[in-house]
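Printed here is run05.pdb (PDB, C-alpha atoms and all ligand atoms):
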ATOM      1  CA  MET A  14       0.000   0.000   0.000
ATOM      2  CA  ARG A  15       2.737   2.373   0.981
ATOM      3  CA  THR A  16       4.566   1.593  -2.251
ATOM      4  CA  SER A  17       1.531   2.297  -4.437
ATOM      5  CA  VAL A  18       0.932   5.692  -2.759
ATOM      6  CA  PHE A  19       4.570   6.497  -3.362
ATOM      7  CA  GLY A  20       4.114   5.375  -6.969
ATOM      8  CA  LEU A  21       1.157   7.709  -7.368
ATOM      9  CA  VAL A  22       3.113  10.653  -5.975
ATOM     10  CA  ALA A  23       5.961   9.896  -8.360
ATOM     11  CA  LEU A  24       3.490   9.783 -11.246
ATOM     12  CA  LEU A  25       2.000  13.173 -10.286
ATOM     13  CA  MET A  26       5.468  14.665 -10.046
ATOM     14  CA  ALA A  27       6.317  13.290 -13.463
ATOM     15  CA  SER A  28       3.203  14.786 -15.025
ATOM     16  CA  SER A  29       3.818  18.220 -13.484
ATOM     17  CA  GLY A  30       7.314  17.864 -14.976
ATOM     18  CA  ALA A  31       5.656  17.969 -18.400
ATOM     19  CA  GLN A  32       6.017  21.722 -18.190
ATOM     20  CA  SER A  33       9.370  23.240 -19.012
ATOM     21  CA  VAL A  34      10.660  26.654 -18.071
ATOM     22  CA  PHE A  35      12.966  28.828 -20.126
ATOM     23  CA  GLN A  36      14.416  31.670 -18.099
ATOM     24  CA  ALA A  37      17.304  33.738 -19.404
ATOM     25  CA  ALA A  38      18.901  37.096 -19.982
ATOM     26  CA  PRO A  39      19.262  38.255 -23.579
ATOM     27  CA  THR A  40      22.452  37.469 -25.502
ATOM     28  CA  ASP A  41      22.278  40.884 -27.187
ATOM     29  CA  ASP A  42      20.432  44.130 -26.521
ATOM     30  CA  VAL A  43      20.583  47.448 -28.290
ATOM     31  CA  TRP A  44      19.365  50.993 -27.808
ATOM     32  CA  TYR A  45      17.902  51.740 -31.250
ATOM     33  CA  TYR A  46      18.045  55.527 -31.709
ATOM     34  CA  ASP A  47      19.964  57.759 -34.091
ATOM     35  CA  HIS A  48      21.845  59.685 -31.381
ATOM     36  CA  ALA A  49      22.254  56.688 -29.066
ATOM     37  CA  PHE A  50      25.648  56.658 -27.404
ATOM     38  CA  ASN A  51      27.293  53.250 -27.128
ATOM     39  CA  PRO A  52      24.046  51.608 -28.343
ATOM     40  CA  GLY A  53      25.274  48.017 -28.143
ATOM     41  CA  PHE A  54      26.893  48.248 -24.732
ATOM     42  CA  THR A  55      25.077  51.000 -22.860
ATOM     43  CA  SER A  56      23.927  49.790 -19.457
ATOM     44  CA  ILE A  57      20.609  51.594 -19.864
ATOM     45  CA  LEU A  58      18.062  51.007 -22.635
ATOM     46  CA  ARG A  59      15.669  53.845 -23.494
ATOM     47  CA  VAL A  60      12.208  53.893 -25.004
ATOM     48  CA  TRP A  61       9.822  56.674 -25.965
ATOM     49  CA  GLY A  62       7.283  57.640 -28.611
ATOM     50  CA  THR A  63       4.553  60.155 -29.211
ATOM     51  CA  GLN A  64       1.254  60.059 -27.369
ATOM     52  CA  GLN A  65      -0.327  58.864 -30.621
ATOM     53  CA  HIS A  66       2.153  56.232 -31.744
ATOM     54  CA  ALA A  67       4.651  53.800 -30.239
ATOM     55  CA  VAL A  68       6.181  53.029 -33.638
ATOM     56  CA  ASP A  69       6.826  55.666 -36.275
ATOM     57  CA  PRO A  70       3.940  55.234 -38.756
ATOM     58  CA  THR A  71       6.191  56.250 -41.647
ATOM     59  CA  GLY A  72       8.418  53.222 -41.002
ATOM     60  CA  ALA A  73      11.486  55.434 -40.626
ATOM     61  CA  PRO A  74      14.247  54.339 -38.252
ATOM     62  CA  PRO A  75      13.684  55.784 -34.759
ATOM     63  CA  ALA A  76      14.890  59.378 -34.474
ATOM     64  CA  LEU A  77      13.897  62.436 -32.425
ATOM     65  CA  ASN A  78      10.273  61.527 -31.652
ATOM     66  CA  TYR A  79      10.979  57.820 -31.305
ATOM     67  CA  SER A  80      13.425  55.603 -29.473
ATOM     68  CA  TYR A  81      13.224  51.810 -29.387
ATOM     69  CA  SER A  82      15.185  49.095 -27.668
ATOM     70  CA  LEU A  83      15.778  45.574 -28.957
ATOM     71  CA  ALA A  84      16.701  42.381 -27.158
ATOM     72  CA  LYS A  85      17.488  38.925 -28.458
ATOM     73  CA  TRP A  86      17.310  35.594 -26.650
ATOM     74  CA  ASP A  87      19.018  32.322 -27.538
ATOM     75  CA  VAL A  88      16.347  29.599 -27.590
ATOM     76  CA  SER A  89      18.497  27.110 -29.533
ATOM     77  CA  GLY A  90      18.761  24.918 -26.425
ATOM     78  CA  ILE A  91      15.083  24.034 -26.743
ATOM     79  CA  ARG A  92      14.495  20.907 -28.813
ATOM     80  CA  ALA A  93      13.526  21.808 -32.394
ATOM     81  CA  GLY A  94      11.163  19.888 -34.653
ATOM     82  CA  VAL A  95       8.422  20.111 -32.030
ATOM     83  CA  THR A  96       5.320  22.283 -31.674
ATOM     84  CA  TYR A  97       5.092  23.832 -28.218
ATOM     85  CA  GLN A  98       2.170  25.100 -26.241
ATOM     86  CA  VAL A  99       3.031  28.289 -24.359
ATOM     87  CA  LEU A 100       1.440  28.271 -20.908
ATOM     88  CA  SER A 101       2.728  31.673 -19.831
ATOM     89  CA  ALA A 102       5.434  34.129 -20.822
ATOM     90  CA  GLU A 103       6.742  37.243 -19.169
ATOM     91  CA  ILE A 104       9.557  39.733 -19.664
ATOM     92  CA  ARG A 105      10.821  41.646 -16.655
ATOM     93  CA  VAL A 106      12.929  44.763 -16.912
ATOM     94  CA  VAL A 107      14.196  47.018 -14.129
ATOM     95  CA  GLN A 108      13.438  50.735 -14.318
ATOM     96  CA  THR A 109      16.278  52.998 -13.182
ATOM     97  CA  ALA A 110      15.688  55.468 -10.337
ATOM     98  CA  PRO A 111      13.999  57.843 -10.271
ATOM     99  CA  PRO A 112      11.476  57.173 -13.058
ATOM    100  CA  GLY A 113      10.721  60.206 -15.221
ATOM    101  CA  TYR A 114       6.996  59.472 -15.184
ATOM    102  CA  THR A 115       4.179  59.052 -12.687
ATOM    103  CA  GLN A 116       2.508  55.717 -12.033
ATOM    104  CA  GLN A 117      -0.570  57.019 -13.851
ATOM    105  CA  GLU A 118       1.522  57.926 -16.912
ATOM    106  CA  GLY A 119       3.101  54.490 -16.812
ATOM    107  CA  GLU A 120      -0.354  52.906 -16.819
ATOM    108  CA  GLN A 121      -1.597  55.193 -19.588
ATOM    109  CA  PHE A 122       1.485  54.746 -21.807
ATOM    110  CA  PRO A 123       2.811  51.257 -21.035
ATOM    111  CA  LEU A 124       6.045  49.706 -22.242
ATOM    112  CA  GLU A 125       5.138  47.385 -25.118
ATOM    113  CA  ALA A 126       6.809  44.170 -26.277
ATOM    114  CA  ARG A 127       6.443  43.513 -29.996
ATOM    115  CA  THR A 128       7.740  40.957 -32.445
ATOM    116  CA  LEU A 129      10.580  41.998 -34.758
ATOM    117  CA  THR A 130      10.871  41.662 -38.512
ATOM    118  CA  ARG A 131      14.096  39.696 -37.918
ATOM    119  CA  SER A 132      16.113  38.493 -34.946
ATOM    120  CA  ASP A 133      19.607  38.208 -36.444
ATOM    121  CA  PHE A 134      21.091  41.423 -35.055
ATOM    122  CA  SER A 135      24.164  41.678 -32.855
ATOM    123  CA  GLU A 136      25.123  44.271 -30.254
ATOM    124  CA  GLN A 137      28.783  43.730 -31.242
ATOM    125  CA  THR A 138      28.263  44.857 -34.823
ATOM    126  CA  TRP A 139      25.221  47.109 -34.365
ATOM    127  CA  ASN A 140      25.017  49.815 -37.018
ATOM    128  CA  TYR A 141      22.097  52.246 -36.829
ATOM    129  CA  SER A 142      22.326  52.963 -40.563
ATOM    130  CA  ASP A 143      22.159  49.341 -41.709
ATOM    131  CA  PRO A 144      19.058  49.097 -43.960
ATOM    132  CA  ASN A 145      18.537  45.494 -42.825
ATOM    133  CA  ASN A 146      18.076  46.360 -39.164
ATOM    134  CA  PRO A 147      15.163  44.653 -37.427
ATOM    135  CA  TYR A 148      12.037  46.707 -36.956
ATOM    136  CA  PRO A 149       9.173  46.342 -34.442
ATOM    137  CA  THR A 150       6.060  44.980 -36.157
ATOM    138  CA  GLU A 151       2.401  45.673 -35.401
ATOM    139  CA  THR A 152       2.187  42.403 -33.465
ATOM    140  CA  LEU A 153       1.835  43.377 -29.836
ATOM    141  CA  LEU A 154       2.828  40.555 -27.489
ATOM    142  CA  GLY A 155       2.130  42.312 -24.210
ATOM    143  CA  VAL A 156       2.222  45.559 -22.251
ATOM    144  CA  SER A 157       3.762  46.491 -18.932
ATOM    145  CA  THR A 158       1.995  46.845 -15.608
ATOM    146  CA  MET A 159       2.950  49.271 -12.844
ATOM    147  CA  GLU A 160       2.173  47.388  -9.639
ATOM    148  CA  PHE A 161       5.784  47.702  -8.456
ATOM    149  CA  TYR A 162       6.060  51.421  -9.285
ATOM    150  CA  ASN A 163       8.372  53.295  -6.956
ATOM    151  CA  PRO A 164       8.868  57.083  -7.273
ATOM    152  CA  ASN A 165      12.199  56.971  -5.394
ATOM    153  CA  GLY A 166      13.949  53.724  -6.280
ATOM    154  CA  THR A 167      14.412  51.161  -9.005
ATOM    155  CA  PHE A 168      11.481  48.832  -9.629
ATOM    156  CA  VAL A 169      10.584  45.828 -11.734
ATOM    157  CA  ILE A 170       8.396  46.401 -14.777
ATOM    158  CA  PRO A 171       6.703  43.132 -15.721
ATOM    159  CA  ILE A 172       5.436  42.670 -19.270
ATOM    160  CA  ARG A 173       3.132  39.662 -19.368
ATOM    161  CA  LEU A 174       2.946  38.268 -22.882
ATOM    162  CA  ASP A 175      -0.306  36.968 -24.316
ATOM    163  CA  PRO A 176       0.332  33.207 -24.795
ATOM    164  CA  VAL A 177      -1.909  33.133 -27.889
ATOM    165  CA  ALA A 178       0.032  35.955 -29.566
ATOM    166  CA  PHE A 179       3.435  34.712 -28.384
ATOM    167  CA  GLU A 180       3.082  30.981 -29.103
ATOM    168  CA  PRO A 181       3.552  31.090 -32.915
ATOM    169  CA  TYR A 182       6.504  33.493 -32.584
ATOM    170  CA  PHE A 183       8.118  31.262 -29.953
ATOM    171  CA  ASN A 184       7.637  28.162 -32.126
ATOM    172  CA  GLU A 185       9.023  29.964 -35.164
ATOM    173  CA  ALA A 186      12.156  30.971 -33.226
ATOM    174  CA  VAL A 187      12.739  27.551 -31.650
ATOM    175  CA  ASN A 188      12.188  25.727 -34.945
ATOM    176  CA  GLY A 189      13.983  28.323 -37.051
ATOM    177  CA  SER A 190      17.071  30.387 -36.310
ATOM    178  CA  GLY A 191      17.109  29.677 -32.573
ATOM    179  CA  ALA A 192      17.053  33.426 -31.872
ATOM    180  CA  LEU A 193      14.044  35.258 -30.487
ATOM    181  CA  GLY A 194      14.052  39.049 -30.831
ATOM    182  CA  ILE A 195      11.779  41.452 -28.972
ATOM    183  CA  GLY A 196      11.216  45.140 -29.694
ATOM    184  CA  PHE A 197      10.461  47.463 -26.784
ATOM    185  CA  VAL A 198       8.418  50.513 -27.764
ATOM    186  CA  SER A 199       6.012  52.923 -26.048
ATOM    187  CA  ARG A 200       3.726  55.879 -26.642
ATOM    188  CA  MET A 201       5.310  57.558 -23.597
ATOM    189  CA  ASP A 202       6.108  61.086 -24.769
ATOM    190  CA  PRO A 203       9.130  62.797 -23.177
ATOM    191  CA  GLY A 204       7.191  66.071 -23.390
ATOM    192  CA  ALA A 205       9.837  68.159 -25.078
ATOM    193  CA  GLN A 206      13.382  67.993 -26.385
ATOM    194  CA  GLY A 207      15.497  67.001 -23.419
ATOM    195  CA  GLY A 208      12.437  65.846 -21.469
ATOM    196  CA  THR A 209      12.868  63.105 -18.883
ATOM    197  CA  ARG A 210       9.519  61.331 -19.237
ATOM    198  CA  PHE A 211      10.509  58.075 -20.899
ATOM    199  CA  TYR A 212      11.419  54.488 -20.069
ATOM    200  CA  ARG A 213      14.937  53.781 -18.901
ATOM    201  CA  PHE A 214      15.749  50.239 -17.903
ATOM    202  CA  TYR A 215      18.954  48.285 -17.420
ATOM    203  CA  SER A 216      20.454  46.378 -20.327
ATOM    204  CA  ARG A 217      22.162  42.999 -20.101
ATOM    205  CA  ASN A 218      25.442  44.948 -19.944
ATOM    206  CA  ASP A 219      24.578  46.394 -16.534
ATOM    207  CA  ALA A 220      27.318  45.420 -14.058
ATOM    208  CA  GLY A 221      24.645  44.815 -11.418
ATOM    209  CA  GLY A 222      22.962  42.080 -13.473
ATOM    210  CA  ARG A 223      19.669  43.952 -13.619
ATOM    211  CA  GLY A 224      19.082  43.401 -17.350
ATOM    212  CA  PRO A 225      15.913  42.027 -18.973
ATOM    213  CA  VAL A 226      14.763  38.493 -18.213
ATOM    214  CA  LEU A 227      12.448  36.391 -20.347
ATOM    215  CA  GLU A 228      10.573  33.565 -18.678
ATOM    216  CA  VAL A 229       8.495  31.120 -20.731
ATOM    217  CA  ARG A 230       6.550  28.156 -19.355
ATOM    218  CA  TYR A 231       5.828  25.741 -22.164
ATOM    219  CA  ARG A 232       5.283  22.112 -23.015
ATOM    220  CA  VAL A 233       5.097  19.814 -26.013
ATOM    221  CA  ALA A 234       1.646  20.569 -27.449
ATOM    222  CA  GLY A 235      -0.784  17.718 -26.836
ATOM    223  CA  ASP A 236       1.612  15.753 -24.617
ATOM    224  CA  VAL A 237      -0.471  14.658 -21.626
ATOM    225  CA  ASN A 238       2.069  12.416 -19.866
ATOM    226  CA  GLY A 239       5.066  14.665 -20.465
ATOM    227  CA  ASP A 240       7.336  12.139 -22.187
ATOM    228  CA  GLY A 241       7.934  14.531 -25.097
ATOM    229  CA  CYS A 242       5.856  12.625 -27.670
ATOM    230  CA  VAL A 243       2.127  12.692 -28.435
ATOM    231  CA  ASP A 244       0.986   9.112 -28.989
ATOM    232  CA  ASP A 245      -1.746   6.651 -28.050
ATOM    233  CA  ALA A 246      -0.774   6.786 -24.370
ATOM    234  CA  ASP A 247      -1.769  10.479 -24.305
ATOM    235  CA  LEU A 248      -4.941   9.782 -26.237
ATOM    236  CA  LEU A 249      -5.928   6.993 -23.866
ATOM    237  CA  THR A 250      -5.339   9.176 -20.813
ATOM    238  CA  ALA A 251      -7.430  11.994 -22.297
ATOM    239  CA  LEU A 252     -10.227   9.512 -23.079
ATOM    240  CA  PHE A 253      -9.966   7.815 -19.700
ATOM    241  CA  GLN A 254     -10.142  11.162 -17.857
ATOM    242  CA  PHE A 255     -12.804  12.618 -20.136
ATOM    243  CA  GLY A 256     -15.211  14.666 -18.004
ATOM    244  CA  ALA A 257     -12.800  14.903 -15.055
ATOM    245  CA  THR A 258     -12.737  18.242 -13.260
ATOM    246  CA  GLY A 259     -10.000  19.805 -11.171
ATOM    247  CA  GLU A 260      -6.297  19.316 -11.769
ATOM    248  CA  SER A 261      -5.590  16.744 -14.429
ATOM    249  CA  PRO A 262      -2.616  16.328 -16.758
ATOM    250  CA  ALA A 263      -5.172  15.752 -19.535
ATOM    251  CA  ASP A 264      -6.602  19.263 -18.987
ATOM    252  CA  LEU A 265      -4.262  20.666 -21.621
ATOM    253  CA  ASN A 266      -5.856  24.107 -21.882
ATOM    254  CA  GLY A 267      -6.043  24.485 -18.105
ATOM    255  CA  ASP A 268      -9.743  25.397 -17.933
ATOM    256  CA  GLY A 269     -10.413  22.926 -15.120
ATOM    257  CA  VAL A 270     -12.194  20.237 -17.123
ATOM    258  CA  VAL A 271     -11.083  17.481 -19.494
ATOM    259  CA  ASP A 272     -13.382  17.739 -22.493
ATOM    260  CA  ASP A 273     -13.428  17.604 -26.279
ATOM    261  CA  ALA A 274     -11.175  20.687 -26.545
ATOM    262  CA  ASP A 275      -8.369  18.788 -24.789
ATOM    263  CA  LEU A 276      -9.056  15.639 -26.773
ATOM    264  CA  LEU A 277      -8.890  17.582 -30.039
ATOM    265  CA  THR A 278      -5.566  19.078 -28.949
ATOM    266  CA  VAL A 279      -4.141  15.573 -28.522
ATOM    267  CA  LEU A 280      -5.542  14.464 -31.896
ATOM    268  CA  PHE A 281      -4.397  17.603 -33.679
ATOM    269  CA  HIS A 282      -0.844  17.186 -32.378
ATOM    270  CA  PHE A 283      -0.724  13.388 -32.661
ATOM    271  CA  GLY A 284       2.870  12.402 -33.455
ATOM    272  CA  ASN A 285       4.289  15.733 -32.213
ATOM    273  CA  GLY A 286       7.769  15.281 -30.757
ATOM    274  CA  CYS A 287       7.910  11.537 -31.511
TER     275      CYS A 287
HETATM  276 CA    CA B   1      23.668  45.506 -25.002
HETATM  277 CA    CA B   2       3.230  11.629 -24.372
HETATM  278 CA    CA B   3      -9.618  21.555 -20.605
END
How would this structure read if it were set down as structure tokens?
Ligand SMILES: [Ca+2]
Ligand SMILES: [Ca+2]
Ligand SMILES: [Ca+2]
Amino acid sequence: MRTSVFGLVALLMASSGAQSVFQAAPTDDVWYYDHAFNPGFTSILRVWGTQQHAVDPTGAPPALNYSYSLAKWDVSGIRAGVTYQVLSAEIRVVQTAPPGYTQQEGEQFPLEARTLTRSDFSEQTWNYSDPNNPYPTETLLGVSTMEFYNPNGTFVIPIRLDPVAFEPYFNEAVNGSGALGIGFVSRMDPGAQGGTRFYRFYSRNDAGGRGPVLEVRYRVAGDVNGDGCVDDADLLTALFQFGATGESPADLNGDGVVDDADLLTVLFHFGNGC
């Protein structure tokens, strides 16, 4: 009896292990602005826009009214040839002290994370005038929240990414170049030339290690038992637990019930990772 309870606990631990976590600092980050000093290696990234736009609607490289920052993560350590389900994703940056904006302004004009047209840039060889530089797209992955706002000290700015928006981009990066680039933009308007109302957060080059962090919780899409392959074992478990409520490894979409949506996910991804 004791052994079988232990066996059950081990099984539950194994199924919760179906989730994987990627957590890392970027390999490269750049302050993308025409008058940026030391853009590849500055310890502080800067972002601003106009109250109307976060990205220059003319498509011009950021100058005067606009300043972007770019970061790139190495996701090549994640097994390719697999479709992943993203359970949650978040980027955290650390605002320098003091912020140049009020909490209300931060809420009104959040820091945005967008996909980039390409992720193959390098802080080593960054050249503002290169016509092939990456550019932030219209695809908004997430916006910052200000619950840690501090008028006097540094504070964390979390940007929670929408899993539905982020999932295809994540899969494309993992199964493609192995690099995942993010563009940071905002409608925060400095107010005037030389104004201080804009985002300033530490880059990966900060000696204090306060640079951006990306955290992604993901799993092999459709893989109920967490062995990295979607096969008849997963299908049988989903069928066997059909109708079950509460925590179940077969509840793939996490809505608290095992139903046809979860079953379809297994069927749709049958063979994934095998
Ligand atoms: Ca950098
Ligand atoms: Ca499996
Ligand atoms: Ca479900």
Nearest to A:Ala49 by atom-to-atom distance, counting only C-alpha atoms, from A:Ser132, A:Gln64, A:Ser33, A:Asn140: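 For A:Ala49, the nearest of the given residues is A:Asn140.
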On this structure, which residues satisfy the PyMOL selection byres (((not hetatm)) within 8 of (chain B and resi 2)), written as an NGL selection string? :A and (235-247)
Selection from above, C-alpha atoms, as a tab-separated table (two decimals), keeping the file's coordinate frame, can you write it?
chain	number	residue	atom	x	y	z
A	235	GLY	CA	-0.78	17.72	-26.84
A	236	ASP	CA	1.61	15.75	-24.62
A	237	VAL	CA	-0.47	14.66	-21.63
A	238	ASN	CA	2.07	12.42	-19.87
A	239	GLY	CA	5.07	14.66	-20.46
A	240	ASP	CA	7.34	12.14	-22.19
A	241	GLY	CA	7.93	14.53	-25.10
A	242	CYS	CA	5.86	12.62	-27.67
A	243	VAL	CA	2.13	12.69	-28.44
A	244	ASP	CA	0.99	9.11	-28.99
A	245	ASP	CA	-1.75	6.65	-28.05
A	246	ALA	CA	-0.77	6.79	-24.37
A	247	ASP	CA	-1.77	10.48	-24.30
Take the PyMOL selection byres (((chain A and resi 32) around 6) and not hetatm), apply it to the structure above, and return the hits as a list of chain:residue names.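 When the PyMOL selection byres (((chain A and resi 32) around 6) and not hetatm) is applied to the shown file, the picked residues are A:Gly30, A:Ala31, A:Ser33, A:Tyr231, A:Arg232.
Atom CA of A:Ser82 lies 4.6 Å from atom CA of A:Trp44.
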Resolved residues for the PyMOL selection byres (((not hetatm)) within 9 of (chain B and resi 3)) as an mmCIF file with C-alpha atoms, keeping the file's coordinate frame:
data_model
loop_
_atom_site.group_PDB
_atom_site.id
_atom_site.type_symbol
_atom_site.label_atom_id
_atom_site.label_comp_id
_atom_site.auth_asym_id
_atom_site.auth_seq_id
_atom_site.Cartn_x
_atom_site.Cartn_y
_atom_site.Cartn_z
ATOM 1 C CA THR A 258 -12.737 18.242 -13.260
ATOM 2 C CA SER A 261 -5.590 16.744 -14.429
ATOM 3 C CA ALA A 263 -5.172 15.752 -19.535
ATOM 4 C CA ASP A 264 -6.602 19.263 -18.987
ATOM 5 C CA LEU A 265 -4.262 20.666 -21.621
ATOM 6 C CA ASN A 266 -5.856 24.107 -21.882
ATOM 7 C CA GLY A 267 -6.043 24.485 -18.105
ATOM 8 C CA ASP A 268 -9.743 25.397 -17.933
ATOM 9 C CA GLY A 269 -10.413 22.926 -15.120
ATOM 10 C CA VAL A 270 -12.194 20.237 -17.123
ATOM 11 C CA VAL A 271 -11.083 17.481 -19.494
ATOM 12 C CA ASP A 272 -13.382 17.739 -22.493
ATOM 13 C CA ASP A 273 -13.428 17.604 -26.279
ATOM 14 C CA ALA A 274 -11.175 20.687 -26.545
ATOM 15 C CA ASP A 275 -8.369 18.788 -24.789
ATOM 16 C CA LEU A 276 -9.056 15.639 -26.773
#
Spatial neighbours of A:Val60, max dist 8 Å, all atoms listed in the file, sep filter under 2 positions, as a list of chain:residue names: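 After dropping sequence-adjacent residues, the list is A:Leu58, A:Gly62, A:Tyr79, A:Ser80, A:Tyr81, A:Ser82, A:Leu124, A:Phe197, A:Val198, A:Ser199, A:Met201, A:Phe211, A:Tyr212, A:Arg213.
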Ligand CA 1 (chain B): which residues are within 8 Å, counting all atoms listed in the file, as a CSV table (one decimal) with C-alpha atoms, in the coordinates of the input?
chain,number,residue,atom,x,y,z
A,41,ASP,CA,22.3,40.9,-27.2
A,42,ASP,CA,20.4,44.1,-26.5
A,43,VAL,CA,20.6,47.4,-28.3
A,44,TRP,CA,19.4,51.0,-27.8
A,52,PRO,CA,24.0,51.6,-28.3
A,53,GLY,CA,25.3,48.0,-28.1
A,54,PHE,CA,26.9,48.2,-24.7
A,55,THR,CA,25.1,51.0,-22.9
A,56,SER,CA,23.9,49.8,-19.5
A,84,ALA,CA,16.7,42.4,-27.2
A,136,GLU,CA,25.1,44.3,-30.3
A,216,SER,CA,20.5,46.4,-20.3
A,217,ARG,CA,22.2,43.0,-20.1
A,218,ASN,CA,25.4,44.9,-19.9
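Comparing the minimum interatomic distances between A:Pro74 and each of A:Tyr97, A:Phe35, A:Tyr148, A:Trp139, counting all atoms listed in the file, we find that A:Tyr148 sits nearest.
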Pick out the residues sitting within 10 Å of stretch 170-174 of chain A, and hand them over as number ranges by chain; count only C-alpha atoms, and ignore anything fewer than 6 positions along from it in its own chain. A: 101-108, 119, 123-127, 153-162, 180, 214, 225-229
Work out how far atom CA of A:Leu129 is from atom CA of A:Pro147, in Å to one decimal.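 Atom-to-atom, atom CA of A:Pro147 and atom CA of A:Leu129 are spaced 5.9 Å apart.
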What gap, in Å, lies between atom CA of A:Arg230 and atom CA of A:Val34?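 So the two atoms, atom CA of A:Arg230 and atom CA of A:Val34, lie 4.6 Å apart.
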Excluding A:Pro70 and any residue of its chain fewer than 5 positions from it, enumerate the residues within 12 Å of it, using only C-alpha atoms, and give them as a list in words.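 Non-adjacent residues within range: Gly62, Thr63, Gln65, Pro75, Asn78, Tyr79, Tyr148, Pro149, Thr150 and Glu151 of chain A.
For the choices A:Asp219, A:Ala38, A:Ala110, A:Val169, the atom-to-atom distance to A:Ile57 is smallest for A:Asp219 when using all atoms listed in the file.
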Could you tell me, as a PyMOL selection string, which residues have any atom at most 12 Å from (3.6, 28.8, -32.9), counting all atoms listed in the file? chain A and resi 94-99+176-189+231+233-234
